[in-house]
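Working notes for the structure below.
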Amino acid sequence: MSIQTKASFKKEFLAYFRTNTFLILACVIIGLAVFSPLLMAGMGALMDAMSDIYDEMGMDVADLTGMLGESASFGLAFSVESITGTGLIVMLLLLNRTAGGEQKKRAMIIPKSSGLRSFPYIFPKFIIYPLSALVFAVAAMLLSYPISVLLFDVNDASMGGVLLAGALSGVSLMFYVCLHLALGTATGRAGMSAAVCISLSVILTLVFSTIGLDYMYNPFALTMLAGTAVYSDVVPAGSELIDIGITVAVTFGIMIIAYFVALFAQNARKIDNSGNELEL
């Protein structure tokens with residue numbers, strides 16, 4: 001590893017930890033993992049307490065109340081939804097600084113005339129932040145599992161399913177982080193990049209679900225696959241495991257393409273560092 005690359009890794013680590021981005025992300029993801037099953041169990045308890053009111057209104061919610069307050073998989077599925085939904089939005093917004101925001105504020109100067117190349121600037125971003133997203137997701141699901149087991153009467157989930165759900169959720173977050181980094185560093189417009197990624201996560205997931213491709217080989221199927229993994233006490237095998245593997249492989253392929261697009265764009269464009277003002 002070259003001196004420039006080592007220095008760039010150090011710069012990204014310092015930016016990640018000294019700006020409290022890592023701490024905030026950890027608190028948000030862990031908080032979602034803890035409170036999602038609590039919220040689900042609370043909804044079941046609340047509906048059970050209001051059963052008389054629902055009966056007077058002619059609404060039979062006994063089955064729904066039983067499911068909400070009984071199955072641990074419901075709490076885990078809600079954790080997956082929260083991590084890949086709210087957690088994704090928070091993560092993308094917090095990474096605006098490194099996804100092109102530093103270019104816009106002229107806080108990051110790339111003096112190519114002094115020999116600093118684009119590779120050391122881009123490469124550490126695509127290693128540190130996507131991998132941390134994967135670690136956050138897996139750790140959150142591992143934390144959500146015992147909480148769900150304690151809160152609900154029936155433990156119908158397995159550790160294998162929880163790990164698979166965490167891994168698929170993490171790969172989904174990695175995909176959007178890479179997309180954000182590529183678009184943000186290429187254009188220098190981090191806010192626009194975050195908005196595009198968040199919109200894609202909602203719109204394209206809905207589109208693929210509508211046309212019946214929500215379980216097929218595309219990155220937008222990962223959230224759905226992660227949500228269904230917690231409902232099974234048997235780790236997928238055979239053709240199902242192959243389908244998941246192909247989906248993950250396609251996602252990693254797109255992430256690699258995003259990296260090379262970001263590197264090419266960085267080599268092709270010129271960053272405007274002109275101006276008299278100094279922004280830190």
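A note on labels: chains of the structure tokens are A, B, ... as shown, every chain counts residues from 1, and ligands are counted from 1 in their shown order.
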
From the DSSP assignment of the backbone, select every residue of segment 100-189 of chain A that is alpha helix (DSSP H), and format the answer as a JSON list (two decimals) with N, CA and C atoms, in the first residue's frame.
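Listed below is the output, part.json:
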```json
[["chain", "number", "residue", "atom", "x", "y", "z"],
["A", 102, "GLU", "N", -17.25, 17.49, 0.98],
["A", 102, "GLU", "CA", -15.98, 18.13, 1.23],
["A", 102, "GLU", "C", -15.47, 18.86, -0.01],
["A", 103, "GLN", "N", -15.86, 18.41, -1.18],
["A", 103, "GLN", "CA", -15.46, 19.09, -2.41],
["A", 103, "GLN", "C", -16.20, 20.43, -2.55],
["A", 104, "LYS", "N", -17.49, 20.38, -2.26],
["A", 104, "LYS", "CA", -18.30, 21.58, -2.41],
["A", 104, "LYS", "C", -17.84, 22.68, -1.45],
["A", 118, "SER", "N", -6.21, 10.23, -7.80],
["A", 118, "SER", "CA", -7.62, 10.06, -7.44],
["A", 118, "SER", "C", -7.85, 8.74, -6.71],
["A", 119, "PHE", "N", -7.08, 7.72, -7.03],
["A", 119, "PHE", "CA", -7.27, 6.42, -6.41],
["A", 119, "PHE", "C", -7.18, 6.48, -4.88],
["A", 120, "PRO", "N", -6.15, 7.10, -4.29],
["A", 120, "PRO", "CA", -6.10, 7.16, -2.82],
["A", 120, "PRO", "C", -7.25, 7.96, -2.21],
["A", 121, "TYR", "N", -7.83, 8.86, -2.98],
["A", 121, "TYR", "CA", -8.95, 9.65, -2.48],
["A", 121, "TYR", "C", -10.24, 8.86, -2.48],
["A", 122, "ILE", "N", -10.45, 8.04, -3.54],
["A", 122, "ILE", "CA", -11.71, 7.32, -3.71],
["A", 122, "ILE", "C", -11.70, 5.97, -2.99],
["A", 125, "LYS", "N", -12.83, 5.32, 0.77],
["A", 125, "LYS", "CA", -14.25, 5.55, 1.01],
["A", 125, "LYS", "C", -15.08, 4.30, 0.73],
["A", 126, "PHE", "N", -14.73, 3.61, -0.36],
["A", 126, "PHE", "CA", -15.48, 2.42, -0.77],
["A", 126, "PHE", "C", -15.11, 1.19, 0.04],
["A", 127, "ILE", "N", -14.17, 1.32, 0.95],
["A", 127, "ILE", "CA", -13.83, 0.23, 1.85],
["A", 127, "ILE", "C", -14.41, 0.47, 3.25],
["A", 128, "ILE", "N", -14.14, 1.64, 3.79],
["A", 128, "ILE", "CA", -14.50, 1.92, 5.19],
["A", 128, "ILE", "C", -16.00, 2.00, 5.40],
["A", 129, "TYR", "N", -16.68, 2.81, 4.61],
["A", 129, "TYR", "CA", -18.09, 3.08, 4.88],
["A", 129, "TYR", "C", -19.02, 1.93, 4.51],
["A", 130, "PRO", "N", -18.86, 1.28, 3.35],
["A", 130, "PRO", "CA", -19.71, 0.11, 3.09],
["A", 130, "PRO", "C", -19.50, -1.03, 4.08],
["A", 131, "LEU", "N", -18.25, -1.32, 4.45],
["A", 131, "LEU", "CA", -17.99, -2.39, 5.41],
["A", 131, "LEU", "C", -18.57, -2.06, 6.79],
["A", 132, "SER", "N", -18.49, -0.81, 7.18],
["A", 132, "SER", "CA", -19.07, -0.43, 8.47],
["A", 132, "SER", "C", -20.59, -0.57, 8.44],
["A", 133, "ALA", "N", -21.21, -0.32, 7.28],
["A", 133, "ALA", "CA", -22.66, -0.50, 7.15],
["A", 133, "ALA", "C", -23.02, -1.97, 7.34],
["A", 134, "LEU", "N", -22.22, -2.86, 6.77],
["A", 134, "LEU", "CA", -22.46, -4.30, 6.93],
["A", 134, "LEU", "C", -22.32, -4.71, 8.40],
["A", 135, "VAL", "N", -21.29, -4.24, 9.06],
["A", 135, "VAL", "CA", -21.06, -4.58, 10.47],
["A", 135, "VAL", "C", -22.20, -4.05, 11.34],
["A", 136, "PHE", "N", -22.64, -2.83, 11.08],
["A", 136, "PHE", "CA", -23.75, -2.25, 11.84],
["A", 136, "PHE", "C", -25.01, -3.10, 11.70],
["A", 137, "ALA", "N", -25.32, -3.53, 10.49],
["A", 137, "ALA", "CA", -26.55, -4.28, 10.25],
["A", 137, "ALA", "C", -26.51, -5.64, 10.94],
["A", 138, "VAL", "N", -25.40, -6.36, 10.81],
["A", 138, "VAL", "CA", -25.29, -7.68, 11.43],
["A", 138, "VAL", "C", -25.34, -7.55, 12.95],
["A", 139, "ALA", "N", -24.62, -6.58, 13.50],
["A", 139, "ALA", "CA", -24.61, -6.38, 14.95],
["A", 139, "ALA", "C", -26.01, -6.00, 15.46],
["A", 140, "ALA", "N", -26.72, -5.19, 14.69],
["A", 140, "ALA", "CA", -28.07, -4.78, 15.10],
["A", 140, "ALA", "C", -29.01, -5.96, 15.16],
["A", 141, "MET", "N", -28.95, -6.85, 14.17],
["A", 141, "MET", "CA", -29.82, -8.03, 14.17],
["A", 141, "MET", "C", -29.46, -9.00, 15.29],
["A", 142, "LEU", "N", -28.16, -9.14, 15.57],
["A", 142, "LEU", "CA", -27.75, -10.00, 16.68],
["A", 142, "LEU", "C", -28.23, -9.45, 18.01],
["A", 143, "LEU", "N", -28.32, -8.13, 18.12],
["A", 143, "LEU", "CA", -28.84, -7.51, 19.34],
["A", 143, "LEU", "C", -30.35, -7.62, 19.40],
["A", 144, "SER", "N", -31.02, -7.50, 18.26],
["A", 144, "SER", "CA", -32.47, -7.56, 18.22],
["A", 144, "SER", "C", -33.00, -8.95, 18.53],
["A", 145, "TYR", "N", -32.21, -9.97, 18.23],
["A", 145, "TYR", "CA", -32.66, -11.35, 18.41],
["A", 145, "TYR", "C", -32.98, -11.69, 19.88],
["A", 146, "PRO", "N", -32.04, -11.51, 20.81],
["A", 146, "PRO", "CA", -32.37, -11.85, 22.21],
["A", 146, "PRO", "C", -33.48, -10.97, 22.79],
["A", 147, "ILE", "N", -33.55, -9.72, 22.34],
["A", 147, "ILE", "CA", -34.61, -8.84, 22.84],
["A", 147, "ILE", "C", -35.97, -9.36, 22.38],
["A", 148, "SER", "N", -36.05, -9.78, 21.11],
["A", 148, "SER", "CA", -37.31, -10.32, 20.59],
["A", 148, "SER", "C", -37.69, -11.61, 21.29],
["A", 149, "VAL", "N", -36.70, -12.44, 21.59],
["A", 149, "VAL", "CA", -36.97, -13.70, 22.29],
["A", 149, "VAL", "C", -37.53, -13.44, 23.68],
["A", 150, "LEU", "N", -37.01, -12.42, 24.34],
["A", 150, "LEU", "CA", -37.49, -12.09, 25.69],
["A", 150, "LEU", "C", -38.88, -11.46, 25.67],
["A", 151, "LEU", "N", -39.18, -10.69, 24.64],
["A", 151, "LEU", "CA", -40.43, -9.94, 24.60],
["A", 151, "LEU", "C", -41.62, -10.78, 24.14],
["A", 159, "MET", "N", -30.98, -18.60, 14.87],
["A", 159, "MET", "CA", -29.79, -17.76, 14.77],
["A", 159, "MET", "C", -29.30, -17.68, 13.34],
["A", 160, "GLY", "N", -29.42, -18.80, 12.60],
["A", 160, "GLY", "CA", -29.02, -18.78, 11.19],
["A", 160, "GLY", "C", -29.84, -17.80, 10.38],
["A", 161, "GLY", "N", -31.16, -17.79, 10.61],
["A", 161, "GLY", "CA", -32.01, -16.84, 9.90],
["A", 161, "GLY", "C", -31.71, -15.40, 10.27],
["A", 162, "VAL", "N", -31.40, -15.17, 11.56],
["A", 162, "VAL", "CA", -31.07, -13.83, 12.02],
["A", 162, "VAL", "C", -29.77, -13.34, 11.38],
["A", 163, "LEU", "N", -28.76, -14.21, 11.33],
["A", 163, "LEU", "CA", -27.49, -13.85, 10.70],
["A", 163, "LEU", "C", -27.68, -13.57, 9.20],
["A", 164, "LEU", "N", -28.50, -14.41, 8.56],
["A", 164, "LEU", "CA", -28.76, -14.19, 7.14],
["A", 164, "LEU", "C", -29.48, -12.86, 6.91],
["A", 165, "ALA", "N", -30.46, -12.57, 7.77],
["A", 165, "ALA", "CA", -31.19, -11.30, 7.65],
["A", 165, "ALA", "C", -30.26, -10.12, 7.87],
["A", 166, "GLY", "N", -29.36, -10.24, 8.86],
["A", 166, "GLY", "CA", -28.41, -9.17, 9.11],
["A", 166, "GLY", "C", -27.45, -8.98, 7.95],
["A", 167, "ALA", "N", -26.97, -10.09, 7.38],
["A", 167, "ALA", "CA", -26.04, -10.01, 6.25],
["A", 167, "ALA", "C", -26.72, -9.40, 5.03],
["A", 168, "LEU", "N", -27.94, -9.81, 4.73],
["A", 168, "LEU", "CA", -28.66, -9.27, 3.57],
["A", 168, "LEU", "C", -29.00, -7.80, 3.77],
["A", 169, "SER", "N", -29.38, -7.44, 5.00],
["A", 169, "SER", "CA", -29.64, -6.03, 5.30],
["A", 169, "SER", "C", -28.37, -5.21, 5.13],
["A", 170, "GLY", "N", -27.25, -5.78, 5.59],
["A", 170, "GLY", "CA", -25.98, -5.08, 5.48],
["A", 170, "GLY", "C", -25.55, -4.89, 4.04],
["A", 171, "VAL", "N", -25.73, -5.90, 3.21],
["A", 171, "VAL", "CA", -25.38, -5.78, 1.79],
["A", 171, "VAL", "C", -26.27, -4.74, 1.12],
["A", 172, "SER", "N", -27.53, -4.69, 1.52],
["A", 172, "SER", "CA", -28.43, -3.66, 0.99],
["A", 172, "SER", "C", -27.94, -2.26, 1.34],
["A", 173, "LEU", "N", -27.53, -2.07, 2.61],
["A", 173, "LEU", "CA", -26.99, -0.78, 3.02],
["A", 173, "LEU", "C", -25.70, -0.47, 2.27],
["A", 174, "MET", "N", -24.85, -1.48, 2.09],
["A", 174, "MET", "CA", -23.60, -1.30, 1.34],
["A", 174, "MET", "C", -23.88, -0.80, -0.07],
["A", 175, "PHE", "N", -24.90, -1.36, -0.71],
["A", 175, "PHE", "CA", -25.23, -0.97, -2.07],
["A", 175, "PHE", "C", -25.58, 0.52, -2.15],
["A", 176, "TYR", "N", -26.44, 0.97, -1.25],
["A", 176, "TYR", "CA", -26.85, 2.38, -1.29],
["A", 176, "TYR", "C", -25.71, 3.31, -0.89],
["A", 177, "VAL", "N", -24.86, 2.88, 0.04],
["A", 177, "VAL", "CA", -23.71, 3.70, 0.43],
["A", 177, "VAL", "C", -22.75, 3.85, -0.75],
["A", 178, "CYS", "N", -22.48, 2.76, -1.47],
["A", 178, "CYS", "CA", -21.61, 2.83, -2.65],
["A", 178, "CYS", "C", -22.22, 3.71, -3.73],
["A", 179, "LEU", "N", -23.51, 3.59, -3.92],
["A", 179, "LEU", "CA", -24.20, 4.42, -4.91],
["A", 179, "LEU", "C", -24.11, 5.90, -4.52],
["A", 180, "HIS", "N", -24.28, 6.18, -3.24],
["A", 180, "HIS", "CA", -24.18, 7.54, -2.73],
["A", 180, "HIS", "C", -22.77, 8.10, -2.90],
["A", 181, "LEU", "N", -21.77, 7.29, -2.57],
["A", 181, "LEU", "CA", -20.38, 7.72, -2.71],
["A", 181, "LEU", "C", -20.03, 7.99, -4.17],
["A", 182, "ALA", "N", -20.49, 7.12, -5.06],
["A", 182, "ALA", "CA", -20.18, 7.28, -6.48],
["A", 182, "ALA", "C", -20.82, 8.54, -7.04],
["A", 183, "LEU", "N", -22.10, 8.70, -6.80],
["A", 183, "LEU", "CA", -22.82, 9.85, -7.35],
["A", 183, "LEU", "C", -22.36, 11.15, -6.69],
["A", 184, "GLY", "N", -22.14, 11.10, -5.37],
["A", 184, "GLY", "CA", -21.74, 12.31, -4.65],
["A", 184, "GLY", "C", -20.35, 12.80, -5.02],
["A", 185, "THR", "N", -19.37, 11.88, -5.05],
["A", 185, "THR", "CA", -18.01, 12.30, -5.39],
["A", 185, "THR", "C", -17.88, 12.68, -6.86],
["A", 186, "ALA", "N", -18.69, 12.08, -7.71],
["A", 186, "ALA", "CA", -18.63, 12.39, -9.14],
["A", 186, "ALA", "C", -19.18, 13.77, -9.45],
["A", 187, "THR", "N", -20.21, 14.18, -8.72],
["A", 187, "THR", "CA", -20.86, 15.46, -9.00],
["A", 187, "THR", "C", -20.50, 16.56, -8.01]]
```

Mind checking which residues fall within 10 Å of Leu94 of chain A, counting only C-alpha atoms, ignoring those fewer than 5 positions away in the same chain, and posting them as a list in words? Tyr16, Thr19, Asn20, Thr21, Phe22, Ile24, Leu25, Leu88, Ile89, Ala99 and Ala194 of chain A

Pick from A:Gly101, A:Thr84, A:Lys6, A:Asp156: nearest to Ser201 of chain A, with only C-alpha atoms counted? A:Thr84

In Å, rounded to a single decimal, give me how far atom CA of Ala258 of chain A is from atom CA of Leu92 of chain A. 15.8 Å
